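Asks: Pasting a structure below so you can have a look.
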Amino acid sequence: MNVAHVFRSFFRRTFEKICNLFFPVTCPFCEKPMPRLYPGYCSDCHKELWRLREKTCSVCGMRFSNPDMPSPICADCRGHRFPYVSITAPVSYNRKSVKNAVLSFKFGGKIGNFRPFGVMMSLAVKKQFSGVPFDYITYIPSRLKRMKQRGFCPPELLAEELSHQLSLPYIGTLKKIRDTRHQSTLSIKERRTNLKDAFICTKPEQVSGKTILLVDDVVTTGSSLKECAKTLRRAGAKKVYCVTFARTEKPRGEFTADVFEPYDEYSILP
Ligand SMILES: [Zn+2]
Ligand SMILES: [Zn+2]
């Protein structure tokens, strides 16, 4: 983490604490006023939305349609190799209150939502990746056009809060070298080619041999996480784990192999 990151994070935190004295934060999901900046969401919403009480696939992080599944890996992931070890996410993007909170964060000016989102993500990492010796956190860079329009990169803010919660540095190691079409408008096949070679690793010397926690805001098919994890692995990363705030879930019992786009070509990776 560079000095600019540390100062920016410190000043932002101090400024928010002062603002919090006069303007209480509200729960991003139900809008109830919260007395403190942390955790920034109410316990009722936590109880209601936390999805990791149920057993999830140890690779893609989907909840099992049958909780008595004997294997920790779902049928869609079994037998395939992925550039990451595992994906986890504390809440489901299928929940309306989650979707509204994410859209308000990314497009509606509620930038402060990155604090409660980051707290929930840190709890998910502690639960699902307990004991993993992470070297640092990195994040998926935003599209160039979006960065210019919005002025901030949502995954970078989430990485900043995770860094605070997990006492790990965060470092920008990836760069998007071309603008791509918006993933949500494309089919699964188009998503894969849309992102192909769209990212480069800017700091291979800091990536080589490292165990990295890769951050994004929402995972749907996982195409962006796969492409970025692949870029990091090709730059020499030892292991990549992924955490996002929310996960789009298929209705129970409708998990299909093509949703996960298994990347068999990753068998060339070390
Ligand atoms: Zn709430
Ligand atoms: Zn799976």
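By order in the structure tokens, chains are A, B, ...; within a chain, residues start at 1; ligands start at 1, following the order shown.
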Between chain A and ligand 1, at 10 Å or less, what are the per-residue closest atom pairs and their distances in Å? Count only C-alpha atoms and all ligand atoms, order by chain and rising residue number, and return it as CSV.
Replies:
```
residue,atom,partner,partner_atom_place_in_ligand_line,distance
A:Thr26,CA,ligand 1,1 (Zn),8.0
A:Cys27,CA,ligand 1,1 (Zn),4.7
A:Pro28,CA,ligand 1,1 (Zn),6.6
A:Phe29,CA,ligand 1,1 (Zn),5.0
A:Cys30,CA,ligand 1,1 (Zn),4.1
A:Glu31,CA,ligand 1,1 (Zn),6.1
A:Lys32,CA,ligand 1,1 (Zn),5.8
A:Pro33,CA,ligand 1,1 (Zn),8.6
A:Met34,CA,ligand 1,1 (Zn),8.9
A:Gly40,CA,ligand 1,1 (Zn),9.0
A:Tyr41,CA,ligand 1,1 (Zn),5.5
A:Cys42,CA,ligand 1,1 (Zn),4.3
A:Ser43,CA,ligand 1,1 (Zn),6.8
A:Asp44,CA,ligand 1,1 (Zn),5.9
A:Cys45,CA,ligand 1,1 (Zn),4.3
A:His46,CA,ligand 1,1 (Zn),7.3
A:Lys47,CA,ligand 1,1 (Zn),9.5
A:Glu48,CA,ligand 1,1 (Zn),9.0
A:Leu49,CA,ligand 1,1 (Zn),9.6
A:Ser97,CA,ligand 1,1 (Zn),9.2
```
Asks: Deliver the residues from the most recent selection as a file, using C-alpha atoms, as a short mmCIF file (atom, residue, chain, number, x, y, z; two decimals), in the first residue's frame.
Replies:
```
data_model
loop_
_atom_site.label_atom_id
_atom_site.label_comp_id
_atom_site.auth_asym_id
_atom_site.auth_seq_id
_atom_site.Cartn_x
_atom_site.Cartn_y
_atom_site.Cartn_z
CA THR A 26 -28.47 4.98 7.78
CA CYS A 27 -28.60 1.25 7.19
CA PRO A 28 -28.03 0.86 3.43
CA PHE A 29 -30.69 -1.87 3.25
CA CYS A 30 -33.64 -0.55 5.32
CA GLU A 31 -32.58 3.09 5.83
CA LYS A 32 -32.92 2.90 9.65
CA PRO A 33 -30.64 5.56 11.29
CA MET A 34 -27.44 4.07 12.72
CA GLY A 40 -23.09 0.85 9.44
CA TYR A 41 -25.96 -1.62 8.97
CA CYS A 42 -28.62 -2.92 11.38
CA SER A 43 -28.60 -6.35 12.99
CA ASP A 44 -32.04 -7.18 11.55
CA CYS A 45 -30.76 -6.75 7.99
CA HIS A 46 -27.64 -8.72 8.83
CA LYS A 47 -29.75 -11.62 10.09
CA GLU A 48 -32.06 -11.40 7.11
CA LEU A 49 -29.44 -11.07 4.37
CA SER A 97 -32.70 -4.35 -0.76
#
```
Asks: DSSP on the backbone, then: every residue of stretch 8-219 of chain A marked alpha helix (DSSP H), written as an mmCIF file with C-alpha atoms, in the first residue's frame.
Replies:
```cif
data_model
loop_
_atom_site.group_PDB
_atom_site.id
_atom_site.type_symbol
_atom_site.label_atom_id
_atom_site.label_comp_id
_atom_site.auth_asym_id
_atom_site.auth_seq_id
_atom_site.Cartn_x
_atom_site.Cartn_y
_atom_site.Cartn_z
ATOM 1 C CA ARG A 8 -6.383 9.188 1.667
ATOM 2 C CA SER A 9 -7.885 6.461 3.844
ATOM 3 C CA PHE A 10 -6.978 8.313 7.076
ATOM 4 C CA PHE A 11 -8.460 11.637 5.946
ATOM 5 C CA ARG A 12 -11.586 10.021 4.567
ATOM 6 C CA ARG A 13 -12.148 8.151 7.840
ATOM 7 C CA THR A 14 -11.592 11.276 9.987
ATOM 8 C CA PHE A 15 -13.899 13.341 7.773
ATOM 9 C CA GLU A 16 -16.619 10.663 7.943
ATOM 10 C CA LYS A 17 -16.368 10.440 11.748
ATOM 11 C CA ILE A 18 -16.891 14.209 12.025
ATOM 12 C CA CYS A 19 -19.835 14.092 9.582
ATOM 13 C CA ASN A 20 -21.286 11.158 11.535
ATOM 14 C CA LEU A 21 -21.594 13.394 14.634
ATOM 15 C CA PHE A 22 -24.009 15.672 12.791
ATOM 16 C CA SER A 43 -28.597 -6.353 12.988
ATOM 17 C CA ASP A 44 -32.044 -7.179 11.548
ATOM 18 C CA CYS A 45 -30.757 -6.746 7.992
ATOM 19 C CA HIS A 46 -27.635 -8.717 8.829
ATOM 20 C CA LYS A 47 -29.751 -11.618 10.088
ATOM 21 C CA GLU A 48 -32.061 -11.398 7.112
ATOM 22 C CA LEU A 49 -29.443 -11.069 4.367
ATOM 23 C CA LYS A 96 -34.128 -6.306 -3.729
ATOM 24 C CA SER A 97 -32.701 -4.353 -0.764
ATOM 25 C CA VAL A 98 -29.164 -5.515 -1.670
ATOM 26 C CA LYS A 99 -29.571 -4.595 -5.326
ATOM 27 C CA ASN A 100 -30.914 -1.135 -4.404
ATOM 28 C CA ALA A 101 -28.043 -0.551 -1.955
ATOM 29 C CA VAL A 102 -25.441 -1.560 -4.588
ATOM 30 C CA LEU A 103 -27.021 0.624 -7.288
ATOM 31 C CA SER A 104 -27.182 3.581 -4.860
ATOM 32 C CA PHE A 105 -23.489 3.041 -4.073
ATOM 33 C CA LYS A 106 -22.368 2.817 -7.690
ATOM 34 C CA PHE A 107 -24.710 5.252 -9.393
ATOM 35 C CA PHE A 114 -18.592 0.947 0.867
ATOM 36 C CA ARG A 115 -18.021 0.919 4.653
ATOM 37 C CA PRO A 116 -20.873 -1.458 5.625
ATOM 38 C CA PHE A 117 -20.313 -3.520 2.459
ATOM 39 C CA GLY A 118 -16.622 -3.857 3.328
ATOM 40 C CA VAL A 119 -17.408 -4.875 6.915
ATOM 41 C CA MET A 120 -19.705 -7.662 5.663
ATOM 42 C CA MET A 121 -17.094 -8.783 3.131
ATOM 43 C CA SER A 122 -14.442 -8.958 5.863
ATOM 44 C CA LEU A 123 -16.730 -11.228 7.921
ATOM 45 C CA ALA A 124 -17.173 -13.460 4.858
ATOM 46 C CA VAL A 125 -13.382 -13.659 4.342
ATOM 47 C CA LYS A 126 -12.809 -14.520 8.020
ATOM 48 C CA LYS A 127 -15.443 -17.242 7.847
ATOM 49 C CA GLN A 128 -14.709 -18.789 4.445
ATOM 50 C CA LEU A 144 -11.849 3.642 -18.257
ATOM 51 C CA LYS A 145 -15.002 5.509 -19.378
ATOM 52 C CA ARG A 146 -16.820 4.695 -16.128
ATOM 53 C CA MET A 147 -13.849 5.871 -14.055
ATOM 54 C CA LYS A 148 -13.941 9.224 -15.823
ATOM 55 C CA GLN A 149 -17.732 9.587 -15.459
ATOM 56 C CA ARG A 150 -18.016 8.376 -11.881
ATOM 57 C CA PRO A 154 -16.174 0.861 -6.526
ATOM 58 C CA PRO A 155 -13.988 -2.270 -6.036
ATOM 59 C CA GLU A 156 -11.057 -0.061 -4.955
ATOM 60 C CA LEU A 157 -13.191 1.534 -2.199
ATOM 61 C CA LEU A 158 -14.279 -1.928 -1.041
ATOM 62 C CA ALA A 159 -10.612 -3.017 -1.034
ATOM 63 C CA GLU A 160 -9.782 0.039 1.101
ATOM 64 C CA GLU A 161 -12.364 -0.925 3.738
ATOM 65 C CA LEU A 162 -11.330 -4.595 3.648
ATOM 66 C CA SER A 163 -7.734 -3.513 4.145
ATOM 67 C CA HIS A 164 -8.832 -1.640 7.284
ATOM 68 C CA GLN A 165 -10.935 -4.532 8.600
ATOM 69 C CA LEU A 166 -8.433 -7.310 7.861
ATOM 70 C CA ILE A 188 -22.366 -15.828 -21.508
ATOM 71 C CA LYS A 189 -20.227 -16.593 -24.603
ATOM 72 C CA GLU A 190 -19.946 -12.909 -25.503
ATOM 73 C CA ARG A 191 -18.926 -12.080 -21.917
ATOM 74 C CA ARG A 192 -15.898 -14.308 -22.196
ATOM 75 C CA THR A 193 -14.583 -12.848 -25.467
ATOM 76 C CA ASN A 194 -15.559 -9.316 -24.409
ATOM 77 C CA LEU A 195 -13.077 -9.442 -21.526
ATOM 78 C CA PRO A 204 4.438 -8.402 -11.809
ATOM 79 C CA GLU A 205 7.351 -8.071 -9.350
ATOM 80 C CA GLN A 206 4.829 -7.597 -6.507
ATOM 81 C CA VAL A 207 2.554 -10.403 -7.703
#
```
Asks: Record the distance separating atom CA of A:Gly112 and atom CA of A:Pro133, expressed in Å with one decimal.
Replies: 28.9 Å
Asks: Taking only C-alpha atoms into account, which of A:Asp197, A:Asp179, A:Glu249, A:Asp216 comes nearest A:Arg234?
Replies: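 Counting only C-alpha atoms, the residue closest to A:Arg234 is A:Asp197.
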Asks: So how far away is atom CA of A:Cys201 from atom CA of A:Gly131, in Å?
Replies: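 Atom-to-atom, atom CA of A:Gly131 and atom CA of A:Cys201 are spaced 26.4 Å apart.
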Asks: I'd like the neighbourhood of A:Leu52 as a VMD selection string, where a residue qualifies if any of its atoms comes within 8 Å (using only C-alpha atoms), though same-chain residues fewer than 5 positions away should be ignored.
Replies: chain A and resid 89 to 91 124
Asks: Selection from above, C-alpha atoms, as a PDB file, in the first residue's frame, can you write it?
Replies:
```pdb
ATOM      1  CA  ALA A  89     -19.865 -13.218  -1.071  1.00  0.00           C
ATOM      2  CA  PRO A  90     -21.823 -12.394   2.105  1.00  0.00           C
ATOM      3  CA  VAL A  91     -25.175 -11.475   0.500  1.00  0.00           C
ATOM      4  CA  ALA A 124     -17.173 -13.460   4.858  1.00  0.00           C
TER       5      ALA A 124
END
```
Asks: Run DSSP on the backbone and give me the residues of stretch 83-191 of chain A it puts in strand (DSSP E or B), as a ChimeraX atom specification.
Replies: /A:86-88,91-92,136-139,170,174-176
Asks: Produce a file of the selected residues containing C-alpha atoms, as a PDB file, in the first residue's frame.
Replies:
```pdb
ATOM      1  CA  SER A  86     -12.563 -19.854  -4.376  1.00  0.00           C
ATOM      2  CA  ILE A  87     -15.174 -17.074  -4.534  1.00  0.00           C
ATOM      3  CA  THR A  88     -17.212 -15.919  -1.569  1.00  0.00           C
ATOM      4  CA  VAL A  91     -25.175 -11.475   0.500  1.00  0.00           C
ATOM      5  CA  SER A  92     -27.301 -12.361  -2.512  1.00  0.00           C
ATOM      6  CA  TYR A 136      -2.331  -8.398   0.247  1.00  0.00           C
ATOM      7  CA  ILE A 137      -5.631  -7.321  -1.313  1.00  0.00           C
ATOM      8  CA  THR A 138      -6.084  -6.165  -4.896  1.00  0.00           C
ATOM      9  CA  TYR A 139      -9.182  -5.174  -6.894  1.00  0.00           C
ATOM     10  CA  TYR A 170      -4.202  -3.193  -0.620  1.00  0.00           C
ATOM     11  CA  LEU A 174      -4.298  -4.593 -12.554  1.00  0.00           C
ATOM     12  CA  LYS A 175      -5.120  -2.168 -15.332  1.00  0.00           C
ATOM     13  CA  LYS A 176      -7.863  -2.308 -17.896  1.00  0.00           C
TER      14      LYS A 176
END
```
Asks: Can I get the residues of chain A within 12 Å of ligand 2, each with the closest pair of atoms and their distance in Å to one decimal, using only C-alpha atoms and all ligand atoms, sorted chain first then ascending number, as a Markdown table?
Replies:
```
| residue | atom | partner | partner_atom_place_in_ligand_line | distance |
| --- | --- | --- | --- | --- |
| A:Lys55 | CA | ligand 2 | 1 (Zn) | 11.3 |
| A:Thr56 | CA | ligand 2 | 1 (Zn) | 7.9 |
| A:Cys57 | CA | ligand 2 | 1 (Zn) | 4.6 |
| A:Ser58 | CA | ligand 2 | 1 (Zn) | 6.6 |
| A:Val59 | CA | ligand 2 | 1 (Zn) | 5.0 |
| A:Cys60 | CA | ligand 2 | 1 (Zn) | 4.0 |
| A:Gly61 | CA | ligand 2 | 1 (Zn) | 6.1 |
| A:Met62 | CA | ligand 2 | 1 (Zn) | 5.9 |
| A:Arg63 | CA | ligand 2 | 1 (Zn) | 8.5 |
| A:Phe64 | CA | ligand 2 | 1 (Zn) | 8.5 |
| A:Ser65 | CA | ligand 2 | 1 (Zn) | 11.2 |
| A:Met69 | CA | ligand 2 | 1 (Zn) | 11.9 |
| A:Ser71 | CA | ligand 2 | 1 (Zn) | 10.4 |
| A:Pro72 | CA | ligand 2 | 1 (Zn) | 8.6 |
| A:Ile73 | CA | ligand 2 | 1 (Zn) | 5.5 |
| A:Cys74 | CA | ligand 2 | 1 (Zn) | 4.3 |
| A:Ala75 | CA | ligand 2 | 1 (Zn) | 6.7 |
| A:Asp76 | CA | ligand 2 | 1 (Zn) | 5.5 |
| A:Cys77 | CA | ligand 2 | 1 (Zn) | 4.4 |
| A:Arg78 | CA | ligand 2 | 1 (Zn) | 7.2 |
| A:Gly79 | CA | ligand 2 | 1 (Zn) | 10.5 |
| A:His80 | CA | ligand 2 | 1 (Zn) | 9.8 |
| A:Arg81 | CA | ligand 2 | 1 (Zn) | 11.2 |
| A:Phe82 | CA | ligand 2 | 1 (Zn) | 10.5 |
| A:Val85 | CA | ligand 2 | 1 (Zn) | 11.0 |
| A:Ser86 | CA | ligand 2 | 1 (Zn) | 8.9 |
| A:Ile87 | CA | ligand 2 | 1 (Zn) | 9.1 |
| A:Thr88 | CA | ligand 2 | 1 (Zn) | 10.8 |
| A:Thr221 | CA | ligand 2 | 1 (Zn) | 11.2 |
| A:Gly222 | CA | ligand 2 | 1 (Zn) | 11.1 |
| A:Glu249 | CA | ligand 2 | 1 (Zn) | 11.5 |
| A:Lys250 | CA | ligand 2 | 1 (Zn) | 11.8 |
| A:Phe255 | CA | ligand 2 | 1 (Zn) | 9.1 |
| A:Thr256 | CA | ligand 2 | 1 (Zn) | 10.1 |
| A:Ala257 | CA | ligand 2 | 1 (Zn) | 9.3 |
| A:Asp258 | CA | ligand 2 | 1 (Zn) | 11.7 |
| A:Val259 | CA | ligand 2 | 1 (Zn) | 10.1 |
| A:Phe260 | CA | ligand 2 | 1 (Zn) | 7.8 |
| A:Glu261 | CA | ligand 2 | 1 (Zn) | 10.9 |
| A:Pro262 | CA | ligand 2 | 1 (Zn) | 9.9 |
```
Asks: Those residues you just picked out, can you put them in a file as a tab-separated table (two decimals), in the first residue's frame with N, CA and C atoms?
Replies:
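And here's selection14.tsv as it stands now:
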```
chain	number	residue	atom	x	y	z
A	55	LYS	N	-24.60	-24.02	3.41
A	55	LYS	CA	-23.41	-24.59	2.79
A	55	LYS	C	-23.28	-24.08	1.34
A	56	THR	N	-22.06	-23.66	0.99
A	56	THR	CA	-21.84	-23.15	-0.37
A	56	THR	C	-20.72	-23.96	-1.03
A	57	CYS	N	-20.70	-23.94	-2.36
A	57	CYS	CA	-19.64	-24.63	-3.11
A	57	CYS	C	-18.31	-23.96	-2.77
A	58	SER	N	-17.28	-24.76	-2.50
A	58	SER	CA	-16.00	-24.18	-2.08
A	58	SER	C	-15.24	-23.53	-3.23
A	59	VAL	N	-15.76	-23.67	-4.46
A	59	VAL	CA	-15.11	-22.99	-5.59
A	59	VAL	C	-15.91	-21.76	-6.02
A	60	CYS	N	-17.15	-21.96	-6.49
A	60	CYS	CA	-17.90	-20.83	-7.05
A	60	CYS	C	-18.70	-20.06	-6.00
A	61	GLY	N	-18.88	-20.65	-4.81
A	61	GLY	CA	-19.57	-19.95	-3.73
A	61	GLY	C	-21.09	-19.97	-3.83
A	62	MET	N	-21.64	-20.72	-4.79
A	62	MET	CA	-23.10	-20.84	-4.90
A	62	MET	C	-23.63	-21.69	-3.74
A	63	ARG	N	-24.84	-21.35	-3.28
A	63	ARG	CA	-25.46	-22.22	-2.27
A	63	ARG	C	-25.91	-23.50	-2.94
A	64	PHE	N	-25.77	-24.60	-2.23
A	64	PHE	CA	-26.20	-25.89	-2.79
A	64	PHE	C	-27.72	-25.97	-2.80
A	65	SER	N	-28.26	-26.55	-3.89
A	65	SER	CA	-29.71	-26.74	-3.91
A	65	SER	C	-30.09	-27.81	-2.89
A	69	MET	N	-25.46	-32.19	0.38
A	69	MET	CA	-24.45	-32.60	-0.61
A	69	MET	C	-23.20	-33.12	0.10
A	71	SER	N	-20.20	-33.63	-1.21
A	71	SER	CA	-18.96	-33.01	-1.69
A	71	SER	C	-18.98	-31.51	-1.40
A	72	PRO	N	-17.81	-30.91	-1.11
A	72	PRO	CA	-17.80	-29.45	-0.92
A	72	PRO	C	-17.80	-28.70	-2.24
A	73	ILE	N	-17.74	-29.44	-3.38
A	73	ILE	CA	-17.69	-28.78	-4.69
A	73	ILE	C	-18.95	-29.14	-5.48
A	74	CYS	N	-19.59	-28.13	-6.09
A	74	CYS	CA	-20.85	-28.39	-6.81
A	74	CYS	C	-20.57	-29.12	-8.13
A	75	ALA	N	-21.62	-29.67	-8.70
A	75	ALA	CA	-21.48	-30.47	-9.91
A	75	ALA	C	-20.92	-29.64	-11.06
A	76	ASP	N	-21.21	-28.34	-11.09
A	76	ASP	CA	-20.74	-27.50	-12.19
A	76	ASP	C	-19.24	-27.23	-12.12
A	77	CYS	N	-18.69	-27.20	-10.92
A	77	CYS	CA	-17.26	-26.89	-10.76
A	77	CYS	C	-16.39	-28.14	-10.73
A	78	ARG	N	-17.00	-29.27	-10.34
A	78	ARG	CA	-16.23	-30.49	-10.17
A	78	ARG	C	-15.52	-30.90	-11.46
A	79	GLY	N	-14.24	-31.23	-11.36
A	79	GLY	CA	-13.50	-31.71	-12.53
A	79	GLY	C	-12.93	-30.60	-13.39
A	80	HIS	N	-13.20	-29.35	-13.07
A	80	HIS	CA	-12.67	-28.23	-13.86
A	80	HIS	C	-11.61	-27.48	-13.07
A	81	ARG	N	-10.72	-26.80	-13.81
A	81	ARG	CA	-9.72	-25.98	-13.13
A	81	ARG	C	-10.06	-24.52	-13.33
A	82	PHE	N	-9.87	-23.75	-12.29
A	82	PHE	CA	-10.16	-22.32	-12.33
A	82	PHE	C	-8.90	-21.55	-11.94
A	85	VAL	N	-8.86	-19.93	-6.40
A	85	VAL	CA	-9.17	-21.07	-5.53
A	85	VAL	C	-10.65	-21.08	-5.20
A	86	SER	N	-11.19	-19.90	-4.87
A	86	SER	CA	-12.56	-19.85	-4.38
A	86	SER	C	-13.14	-18.44	-4.49
A	87	ILE	N	-14.47	-18.37	-4.57
A	87	ILE	CA	-15.17	-17.07	-4.53
A	87	ILE	C	-16.12	-17.10	-3.34
A	88	THR	N	-16.18	-16.00	-2.60
A	88	THR	CA	-17.21	-15.92	-1.57
A	88	THR	C	-17.88	-14.54	-1.62
A	221	THR	N	-21.57	-14.16	-13.50
A	221	THR	CA	-21.02	-15.42	-14.02
A	221	THR	C	-19.58	-15.61	-13.56
A	222	GLY	N	-18.95	-14.57	-13.09
A	222	GLY	CA	-17.57	-14.67	-12.63
A	222	GLY	C	-16.55	-14.40	-13.74
A	249	GLU	N	-27.54	-15.19	-7.75
A	249	GLU	CA	-27.77	-16.63	-7.57
A	249	GLU	C	-28.82	-17.13	-8.54
A	250	LYS	N	-28.56	-18.31	-9.06
A	250	LYS	CA	-29.55	-18.97	-9.89
A	250	LYS	C	-30.62	-19.54	-8.97
A	255	PHE	N	-29.03	-24.91	-11.38
A	255	PHE	CA	-27.61	-24.67	-11.65
A	255	PHE	C	-27.24	-25.41	-12.93
A	256	THR	N	-26.65	-24.69	-13.87
A	256	THR	CA	-26.26	-25.34	-15.12
A	256	THR	C	-24.80	-25.06	-15.40
A	257	ALA	N	-24.17	-26.02	-16.07
A	257	ALA	CA	-22.72	-25.93	-16.28
A	257	ALA	C	-22.31	-24.67	-17.03
A	258	ASP	N	-23.13	-24.24	-18.00
A	258	ASP	CA	-22.66	-23.13	-18.84
A	258	ASP	C	-22.60	-21.80	-18.09
A	259	VAL	N	-23.30	-21.72	-16.97
A	259	VAL	CA	-23.26	-20.48	-16.18
A	259	VAL	C	-21.85	-20.20	-15.70
A	260	PHE	N	-21.13	-21.25	-15.41
A	260	PHE	CA	-19.82	-21.07	-14.76
A	260	PHE	C	-18.65	-21.04	-15.72
A	261	GLU	N	-18.90	-21.29	-17.00
A	261	GLU	CA	-17.84	-21.22	-18.01
A	261	GLU	C	-16.54	-21.82	-17.52
A	262	PRO	N	-16.47	-23.11	-17.22
A	262	PRO	CA	-15.23	-23.67	-16.71
A	262	PRO	C	-14.06	-23.40	-17.67
```
Asks: Could you tell me how far atom CA of A:Ala246 lies from atom CA of A:Val215, in Å and to one decimal?
Replies: 11.1 Å
Asks: I need the residue nearest A:Lys226 from this list: A:Phe129, A:Tyr241, A:Phe7, A:Phe134. Use only C-alpha atoms for the distance.
Replies: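 Closest to A:Lys226, using only C-alpha atoms: A:Tyr241.
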